[in-house]
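Asks: Input: one structure, supplied below.
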Amino acid sequence: MAATIKDIKAETGLGLATISKYLNGGNVRSENRQKIEEAIKKLDYHPNETARSLVTKRTRTIGFVVNNIASNFSGVLLQHASAYLHERGYGMMICDSNLDEKQEAENIRFCVEKQVDGILLVTASREPGFLAPADKAGIPAVLLDREIKSDAFDCVTIDNSNAAERATDYLIGYGHRRIAVIHSEEYTGNERYTGYLASMKKAGINVPYKYICSAHIHSAELGYNSMMKLLKLKERPTAVLTTNYEVSLGVIMALNEQGIRCPEDISLIGFDELILPMVMKPKLTLVAQPMEEIASEGARILLKRIEEGNSFPPQRVSLYAALKQGESVRDIIVNGKNNCRLL
């Protein structure tokens, strides 16, 4: 028979009120806490979470609504968020929206029905309406790697526009002028495209429309098709900025298929330090997003919001993404001079 709270009382000699307070996360004296913890271990006691949730009004469960669970990026965020929450006694319920805004709205309603304490999400939508059920139920939500068209929700992102601007500055510093960009029309893709344009404008470089490749969502298909299109141009770009991991994967597939060398024939800078940079030869120069920090900072804000409610204003956190030098950018000689510089 499973141990009960009364067994802990008999083992420790403490009152039920003290033991209950400890089990529900309250503060008890250190000597009492030690007695209770030793008894729990000895008796192999497991609390009845359903009964406890009726008392505390909490399930100690966090919903994680992700736009595409097949994405390596999403998987890494899930891993880091899960580790952070587990250390603090929370479990996680994962819902995949499969890049579908309607399904995402259904996932939010599902989380509300399951009475999660809070929601972490990587959104497919930019409109805030899908979060209305959670907001009405008083369930806080924190966005990761995305913003929506509302200042009412907490979010943790990187400095997307600035990161892409620094990456493009890097290419320009190595003498490149014919620089193409491949981006999605999602939030992060558009932000990075804005940074690319800012860098090119700052350097006084005209951007031909044929060097701008985009699609609604980022994917390996976008990277592959865009790179094949760029390779057919009479005046090819000397460098390409890829604004997403899947896009970079598609670009590499196209280059390999066509026998194009990197960086001898074309230089590359990508985003996300995931599997590809570890196996690619030459090593890819990239913008490395602080994945663990994005996930843990989002989870930290969410747990604070669960504890303190709306006692503090919405948090808009923008983290720095470092540019990591690899071997995928070639020096270009301009007017007989090596215009190479490291930013």
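Just so we're on the same page: first chain in the structure tokens is A, next is B, and so on; residues restart at 1 for each chain, and ligands are numbered from 1 in the order they show up.
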Give me the residues near Leu233 (chain A) as a compact mmCIF listing (two decimals) with C-alpha atoms, in the first residue's frame, where near means some atom within 9 Å (using only C-alpha atoms) and where sequence neighbours in that chain fewer than 4 positions away do not count.
Replies:
# COMPACT_ATOMS: atom_id res chain seq x y z
CA LYS A 210 17.23 39.33 -57.58
CA LYS A 229 18.03 30.45 -58.35
CA PRO A 237 26.45 36.98 -55.43
Asks: Compile the contact shell of region 279-291 of chain A as a PyMOL selection string: residues with an atom at most 9 Å away, counting only C-alpha atoms, same-chain residues fewer than 6 positions apart removed.
Replies: chain A and resi 73+76-77+80+158+163-164+167+243+252+262-263+268-273+319-329
Asks: Those residues with C-alpha atoms, as a CSV table (one decimal), in the first residue's frame please?
Replies:
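Printed below is out07.csv as written:
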chain,number,residue,atom,x,y,z
A,73,PHE,CA,15.7,24.7,-33.0
A,76,VAL,CA,16.7,22.4,-28.3
A,77,LEU,CA,14.5,25.0,-26.7
A,80,HIS,CA,16.5,23.5,-22.0
A,158,ILE,CA,17.5,37.8,-29.5
A,163,ALA,CA,22.6,40.4,-35.3
A,164,ALA,CA,21.8,40.2,-39.0
A,167,ALA,CA,26.7,39.5,-39.9
A,243,THR,CA,18.7,33.7,-41.7
A,252,ILE,CA,24.3,23.5,-48.4
A,262,CYS,CA,32.4,27.3,-50.1
A,263,PRO,CA,34.1,29.7,-49.6
A,268,LEU,CA,28.1,31.9,-46.4
A,269,ILE,CA,27.0,33.2,-43.0
A,270,GLY,CA,24.1,31.4,-41.2
A,271,PHE,CA,22.1,31.5,-38.0
A,272,ASP,CA,21.9,28.9,-35.2
A,273,GLU,CA,24.7,26.8,-33.8
A,319,LEU,CA,19.4,38.8,-25.7
A,320,TYR,CA,22.7,39.3,-27.5
A,321,ALA,CA,23.5,36.7,-30.2
A,322,ALA,CA,27.3,36.4,-30.8
A,323,LEU,CA,28.8,36.1,-34.3
A,324,LYS,CA,31.1,33.1,-34.4
A,325,GLN,CA,33.9,33.1,-37.0
A,326,GLY,CA,34.3,29.9,-39.0
A,327,GLU,CA,35.9,29.3,-42.4
A,328,SER,CA,33.0,29.9,-44.8
A,329,VAL,CA,33.8,33.6,-45.7
Asks: Quick one: residues within 12 Å of Asp135 (chain A), only C-alpha atoms, excluding same-chain residues fewer than 3 positions away - as a list in words?
Replies: Ile108, Arg109, Cys111, Val112, Asp117, Gly118, Ile119, Pro128, Gly129, Phe130, Leu131, Ala132, Gly138, Ile139, Pro140, Ala141, Val142, Ala152, Phe153, Gly309 and Asn310 of chain A
Asks: Which of these, A:Ala220, A:Leu231, A:Ile148, A:Val122, has the shortest distance to Gly298 (chain A) once you count only C-alpha atoms?
Replies: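 Looking at the shortest contact to Gly298 (chain A), the residue is A:Val122.
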Asks: Considering only C-alpha atoms, state which residue in the set A:Leu241, A:Ala70, A:Ala180, A:Met228 is at the smallest distance from Tyr209 (chain A).
Replies: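 Looking only at the distances to Tyr209 (chain A), the closest residue turns out to be A:Ala180.
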Asks: Can you tell me how far CA of Ser318 (chain A) sits from CA of Ala198 (chain A), in Å to one decimal?
Replies: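 Between these atoms lies a distance of 18.8 Å.
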Asks: With distances taken over only C-alpha atoms, which residue among A:Thr123, A:Thr168, A:Asn72, A:Thr61 lies nearest Leu249 (chain A)?
Replies: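 Using only C-alpha atoms, Leu249 (chain A) sits closest to A:Asn72.
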Asks: Write out as an MDAnalysis selection string which residues come within 12 Å of Gly75 (chain A) when counting only C-alpha atoms, dropping same-chain ones fewer than 5 positions away.
Replies: chainID A and resid 64:70 80:82 94 96 122 274:275 291:292 295
Asks: Limited to N, CA and C atoms, could you put the picked residues into a file as a JSON list (two decimals), in the first residue's frame?
Replies:
[["chain", "number", "residue", "atom", "x", "y", "z"],
["A", 64, "PHE", "N", 3.80, 23.77, -23.18],
["A", 64, "PHE", "CA", 4.77, 24.30, -24.14],
["A", 64, "PHE", "C", 4.14, 24.13, -25.52],
["A", 65, "VAL", "N", 3.71, 25.23, -26.10],
["A", 65, "VAL", "CA", 3.08, 25.22, -27.42],
["A", 65, "VAL", "C", 4.13, 25.66, -28.44],
["A", 66, "VAL", "N", 4.53, 24.73, -29.31],
["A", 66, "VAL", "CA", 5.62, 24.99, -30.24],
["A", 66, "VAL", "C", 5.08, 24.97, -31.67],
["A", 67, "ASN", "N", 5.61, 25.85, -32.52],
["A", 67, "ASN", "CA", 5.06, 25.96, -33.88],
["A", 67, "ASN", "C", 5.45, 24.79, -34.78],
["A", 68, "ASN", "N", 6.58, 24.13, -34.49],
["A", 68, "ASN", "CA", 7.01, 23.00, -35.32],
["A", 68, "ASN", "C", 7.96, 22.12, -34.51],
["A", 69, "ILE", "N", 7.44, 21.04, -33.98],
["A", 69, "ILE", "CA", 8.25, 20.20, -33.10],
["A", 69, "ILE", "C", 9.34, 19.46, -33.86],
["A", 70, "ALA", "N", 9.21, 19.36, -35.20],
["A", 70, "ALA", "CA", 10.23, 18.68, -36.00],
["A", 70, "ALA", "C", 11.48, 19.53, -36.18],
["A", 80, "HIS", "N", 16.04, 22.56, -23.05],
["A", 80, "HIS", "CA", 16.52, 23.49, -22.03],
["A", 80, "HIS", "C", 15.39, 23.93, -21.09],
["A", 81, "ALA", "N", 14.22, 24.18, -21.65],
["A", 81, "ALA", "CA", 13.08, 24.60, -20.81],
["A", 81, "ALA", "C", 12.68, 23.48, -19.86],
["A", 82, "SER", "N", 12.66, 22.25, -20.37],
["A", 82, "SER", "CA", 12.30, 21.10, -19.55],
["A", 82, "SER", "C", 13.26, 20.93, -18.39],
["A", 94, "ILE", "N", 3.58, 19.11, -23.91],
["A", 94, "ILE", "CA", 4.00, 19.66, -25.19],
["A", 94, "ILE", "C", 2.88, 19.56, -26.22],
["A", 96, "ASP", "N", 2.15, 20.53, -30.34],
["A", 96, "ASP", "CA", 2.74, 20.94, -31.62],
["A", 96, "ASP", "C", 1.67, 21.59, -32.49],
["A", 122, "VAL", "N", 6.39, 29.06, -28.74],
["A", 122, "VAL", "CA", 7.04, 29.56, -29.95],
["A", 122, "VAL", "C", 5.92, 29.63, -30.98],
["A", 274, "LEU", "N", 23.60, 24.72, -34.33],
["A", 274, "LEU", "CA", 23.00, 23.42, -34.07],
["A", 274, "LEU", "C", 23.88, 22.33, -34.69],
["A", 275, "ILE", "N", 23.31, 21.33, -35.35],
["A", 275, "ILE", "CA", 24.10, 20.19, -35.83],
["A", 275, "ILE", "C", 24.95, 20.55, -37.05],
["A", 291, "MET", "N", 20.61, 29.61, -26.90],
["A", 291, "MET", "CA", 19.41, 28.78, -26.77],
["A", 291, "MET", "C", 19.03, 28.51, -25.31],
["A", 292, "GLU", "N", 20.01, 28.11, -24.51],
["A", 292, "GLU", "CA", 19.71, 27.80, -23.11],
["A", 292, "GLU", "C", 19.21, 29.03, -22.38],
["A", 295, "ALA", "N", 15.54, 29.86, -23.33],
["A", 295, "ALA", "CA", 14.58, 28.96, -22.67],
["A", 295, "ALA", "C", 14.50, 29.21, -21.17]]
Asks: Among region 118-322 of chain A, which residues carry a DSSP assignment of strand (DSSP E or B), reported as a VMD selection string?
Replies: chain A and resid 118 to 122 141 to 144 154 to 158 179 to 184 212 to 215 239 to 242 267 to 271 285 to 288 316 to 319 322
Asks: Can I get the selected residues back with C-alpha atoms, as a compact mmCIF listing (two decimals), in the first residue's frame?
Replies:
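So the final result, stored in out-v2.txt, reads:
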# COMPACT_ATOMS: atom_id res chain seq x y z
CA GLY A 118 1.48 28.71 -17.36
CA ILE A 119 2.34 28.50 -21.05
CA LEU A 120 5.63 28.83 -22.93
CA LEU A 121 5.25 29.17 -26.65
CA VAL A 122 7.04 29.56 -29.95
CA ALA A 141 2.04 33.02 -21.24
CA VAL A 142 5.62 33.83 -22.24
CA LEU A 143 6.72 33.91 -25.87
CA LEU A 144 10.12 32.52 -26.90
CA ASP A 154 6.13 38.66 -21.81
CA CYS A 155 8.60 37.62 -24.51
CA VAL A 156 12.26 36.60 -24.80
CA THR A 157 14.01 37.06 -28.14
CA ILE A 158 17.46 37.85 -29.47
CA ILE A 179 25.56 39.90 -50.98
CA ALA A 180 22.27 38.01 -51.23
CA VAL A 181 19.87 37.22 -48.41
CA ILE A 182 17.45 34.30 -47.95
CA HIS A 183 14.77 34.88 -45.34
CA SER A 184 11.29 33.86 -44.27
CA ILE A 212 16.50 38.98 -52.16
CA CYS A 213 14.90 35.54 -51.72
CA SER A 214 11.97 34.91 -49.40
CA ALA A 215 8.98 32.69 -48.67
CA ALA A 239 28.21 35.86 -50.44
CA VAL A 240 24.85 34.80 -48.99
CA LEU A 241 23.30 35.50 -45.60
CA THR A 242 20.97 32.67 -44.55
CA SER A 267 30.81 32.70 -48.99
CA LEU A 268 28.14 31.93 -46.39
CA ILE A 269 26.99 33.20 -43.01
CA GLY A 270 24.14 31.41 -41.24
CA PHE A 271 22.09 31.47 -38.04
CA THR A 285 30.53 31.27 -39.79
CA LEU A 286 27.27 31.96 -37.98
CA VAL A 287 25.17 33.93 -35.54
CA ALA A 288 24.85 31.74 -32.45
CA ARG A 316 10.45 42.35 -23.22
CA VAL A 317 13.86 40.68 -23.08
CA SER A 318 16.26 40.92 -26.03
CA LEU A 319 19.38 38.77 -25.66
CA ALA A 322 27.26 36.39 -30.83
Asks: May I have all residues of region 170-263 of chain A that DSSP, computed from the backbone, assigns to helix (DSSP H, G or I), given as a VMD selection string?
Replies: chain A and resid 170 to 173 187 to 202 209 to 211 220 to 231 245 to 258
Asks: For the selection just defined, write its residues with N, CA and C atoms to a file, as a short mmCIF file (atom, residue, chain, number, x, y, z; two decimals), in the first residue's frame.
Replies:
data_model
loop_
_atom_site.label_atom_id
_atom_site.label_comp_id
_atom_site.auth_asym_id
_atom_site.auth_seq_id
_atom_site.Cartn_x
_atom_site.Cartn_y
_atom_site.Cartn_z
N TYR A 170 30.05 42.03 -41.35
CA TYR A 170 31.20 41.12 -41.40
C TYR A 170 31.55 40.78 -42.85
N LEU A 171 30.55 40.46 -43.64
CA LEU A 171 30.77 40.15 -45.05
C LEU A 171 31.32 41.36 -45.80
N ILE A 172 30.75 42.51 -45.53
CA ILE A 172 31.22 43.75 -46.18
C ILE A 172 32.66 44.03 -45.77
N GLY A 173 32.97 43.78 -44.50
CA GLY A 173 34.33 43.99 -44.01
C GLY A 173 35.35 43.10 -44.69
N TYR A 187 8.27 36.44 -38.25
CA TYR A 187 8.83 37.52 -37.41
C TYR A 187 10.35 37.55 -37.46
N THR A 188 11.00 36.43 -37.16
CA THR A 188 12.47 36.45 -37.08
C THR A 188 13.08 36.70 -38.45
N GLY A 189 12.50 36.10 -39.50
CA GLY A 189 13.04 36.30 -40.85
C GLY A 189 12.96 37.75 -41.28
N ASN A 190 11.83 38.39 -41.00
CA ASN A 190 11.68 39.80 -41.38
C ASN A 190 12.61 40.71 -40.59
N GLU A 191 12.77 40.41 -39.29
CA GLU A 191 13.68 41.20 -38.47
C GLU A 191 15.11 41.10 -38.98
N ARG A 192 15.53 39.91 -39.37
CA ARG A 192 16.89 39.71 -39.86
C ARG A 192 17.08 40.34 -41.24
N TYR A 193 16.05 40.29 -42.05
CA TYR A 193 16.09 40.96 -43.35
C TYR A 193 16.26 42.46 -43.16
N THR A 194 15.56 43.02 -42.17
CA THR A 194 15.70 44.45 -41.87
C THR A 194 17.13 44.79 -41.50
N GLY A 195 17.78 43.94 -40.71
CA GLY A 195 19.17 44.17 -40.33
C GLY A 195 20.11 44.10 -41.52
N TYR A 196 19.87 43.16 -42.41
CA TYR A 196 20.65 43.04 -43.65
C TYR A 196 20.55 44.34 -44.47
N LEU A 197 19.33 44.82 -44.66
CA LEU A 197 19.13 46.06 -45.43
C LEU A 197 19.83 47.25 -44.78
N ALA A 198 19.76 47.29 -43.44
CA ALA A 198 20.39 48.41 -42.72
C ALA A 198 21.89 48.42 -42.96
N SER A 199 22.53 47.26 -42.94
CA SER A 199 23.96 47.16 -43.17
C SER A 199 24.32 47.56 -44.59
N MET A 200 23.56 47.08 -45.56
CA MET A 200 23.85 47.40 -46.97
C MET A 200 23.66 48.89 -47.24
N LYS A 201 22.62 49.48 -46.65
CA LYS A 201 22.39 50.91 -46.82
C LYS A 201 23.50 51.73 -46.18
N LYS A 202 23.92 51.31 -45.00
CA LYS A 202 25.00 51.99 -44.27
C LYS A 202 26.29 52.01 -45.09
N TYR A 209 17.00 43.41 -56.63
CA TYR A 209 15.87 42.60 -56.15
C TYR A 209 16.13 41.11 -56.32
N LYS A 210 16.94 40.74 -57.32
CA LYS A 210 17.23 39.33 -57.58
C LYS A 210 18.09 38.70 -56.48
N TYR A 211 18.69 39.52 -55.61
CA TYR A 211 19.49 39.01 -54.50
C TYR A 211 18.66 38.80 -53.23
N ALA A 220 14.10 24.13 -45.36
CA ALA A 220 15.21 23.69 -46.21
C ALA A 220 14.86 23.89 -47.68
N GLU A 221 13.58 23.73 -48.00
CA GLU A 221 13.13 23.94 -49.38
C GLU A 221 13.38 25.38 -49.83
N LEU A 222 13.09 26.34 -48.94
CA LEU A 222 13.36 27.74 -49.25
C LEU A 222 14.85 27.94 -49.53
N GLY A 223 15.71 27.39 -48.67
CA GLY A 223 17.14 27.54 -48.87
C GLY A 223 17.62 26.91 -50.16
N TYR A 224 17.14 25.71 -50.44
CA TYR A 224 17.57 24.98 -51.64
C TYR A 224 17.12 25.71 -52.91
N ASN A 225 15.83 26.03 -53.00
CA ASN A 225 15.31 26.68 -54.21
C ASN A 225 15.93 28.05 -54.44
N SER A 226 16.14 28.79 -53.35
CA SER A 226 16.73 30.13 -53.47
C SER A 226 18.17 30.06 -53.94
N MET A 227 18.92 29.11 -53.39
CA MET A 227 20.32 28.99 -53.79
C MET A 227 20.43 28.55 -55.25
N MET A 228 19.59 27.64 -55.69
CA MET A 228 19.60 27.23 -57.09
C MET A 228 19.29 28.42 -58.00
N LYS A 229 18.38 29.26 -57.58
CA LYS A 229 18.03 30.45 -58.35
C LYS A 229 19.21 31.43 -58.42
N LEU A 230 19.88 31.63 -57.29
CA LEU A 230 21.02 32.56 -57.25
C LEU A 230 22.18 32.05 -58.09
N LEU A 231 22.38 30.74 -58.12
CA LEU A 231 23.49 30.17 -58.89
C LEU A 231 23.29 30.31 -60.39
N TYR A 245 18.36 28.15 -39.53
CA TYR A 245 19.06 26.87 -39.62
C TYR A 245 18.58 26.01 -40.78
N GLU A 246 17.25 25.83 -40.92
CA GLU A 246 16.72 25.02 -42.00
C GLU A 246 17.08 25.61 -43.37
N VAL A 247 17.06 26.94 -43.46
CA VAL A 247 17.45 27.60 -44.71
C VAL A 247 18.91 27.28 -45.05
N SER A 248 19.78 27.35 -44.05
CA SER A 248 21.20 27.03 -44.27
C SER A 248 21.36 25.60 -44.76
N LEU A 249 20.58 24.69 -44.19
CA LEU A 249 20.65 23.28 -44.59
C LEU A 249 20.31 23.14 -46.07
N GLY A 250 19.25 23.80 -46.53
CA GLY A 250 18.87 23.74 -47.93
C GLY A 250 19.91 24.35 -48.84
N VAL A 251 20.54 25.43 -48.40
CA VAL A 251 21.60 26.08 -49.18
C VAL A 251 22.77 25.14 -49.37
N ILE A 252 23.20 24.48 -48.31
CA ILE A 252 24.32 23.54 -48.39
C ILE A 252 23.98 22.38 -49.32
N MET A 253 22.75 21.91 -49.29
CA MET A 253 22.32 20.84 -50.20
C MET A 253 22.47 21.27 -51.65
N ALA A 254 22.06 22.50 -51.95
CA ALA A 254 22.16 23.01 -53.32
C ALA A 254 23.60 23.15 -53.77
N LEU A 255 24.46 23.68 -52.90
CA LEU A 255 25.87 23.86 -53.25
C LEU A 255 26.54 22.51 -53.50
N ASN A 256 26.25 21.55 -52.64
CA ASN A 256 26.85 20.22 -52.82
C ASN A 256 26.39 19.58 -54.13
N GLU A 257 25.11 19.72 -54.41
CA GLU A 257 24.56 19.13 -55.63
C GLU A 257 25.18 19.72 -56.89
N GLN A 258 25.47 21.02 -56.85
CA GLN A 258 26.02 21.71 -58.02
C GLN A 258 27.54 21.76 -58.04
#
Asks: Counting only C-alpha atoms, figure out which residue out of A:Glu307, A:Asp44, A:Glu101, A:Glu235 gets nearest to Asp7 (chain A).
Replies: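 Closest to Asp7 (chain A), using only C-alpha atoms: A:Asp44.
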Asks: For Glu38 (chain A), work out the shell of residues within 10 Å, counting only C-alpha atoms and skipping chain neighbours fewer than 4 positions away, then give it as an MDAnalysis selection string.
Replies: chainID A and resid 8 11:12 32:34 42:44
Asks: What's around Tyr90 (chain A) at 8 Å? Count only C-alpha atoms, leave out sequence neighbours fewer than 2 positions away in its own chain, and write the answer as a list in words.
Replies: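 Once the adjacent positions are removed, what remains is Arg60, Thr61, Ile62, Leu85, His86, Glu87, Arg88 and Met92 of chain A.
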Asks: Take the residues from that selection and write them out as a PDB file, in the first residue's frame, keeping C-alpha atoms.
Replies:
ATOM      1  CA  ARG A  60       2.722  22.278 -11.384  1.00  0.00           C
ATOM      2  CA  THR A  61       2.419  21.694 -15.119  1.00  0.00           C
ATOM      3  CA  ILE A  62       3.590  24.065 -17.849  1.00  0.00           C
ATOM      4  CA  LEU A  85      11.369  23.483 -15.005  1.00  0.00           C
ATOM      5  CA  HIS A  86      12.207  19.986 -13.750  1.00  0.00           C
ATOM      6  CA  GLU A  87      14.750  21.386 -11.310  1.00  0.00           C
ATOM      7  CA  ARG A  88      11.967  23.517  -9.854  1.00  0.00           C
ATOM      8  CA  MET A  92       5.772  20.019 -19.091  1.00  0.00           C
TER       9      MET A  92
END
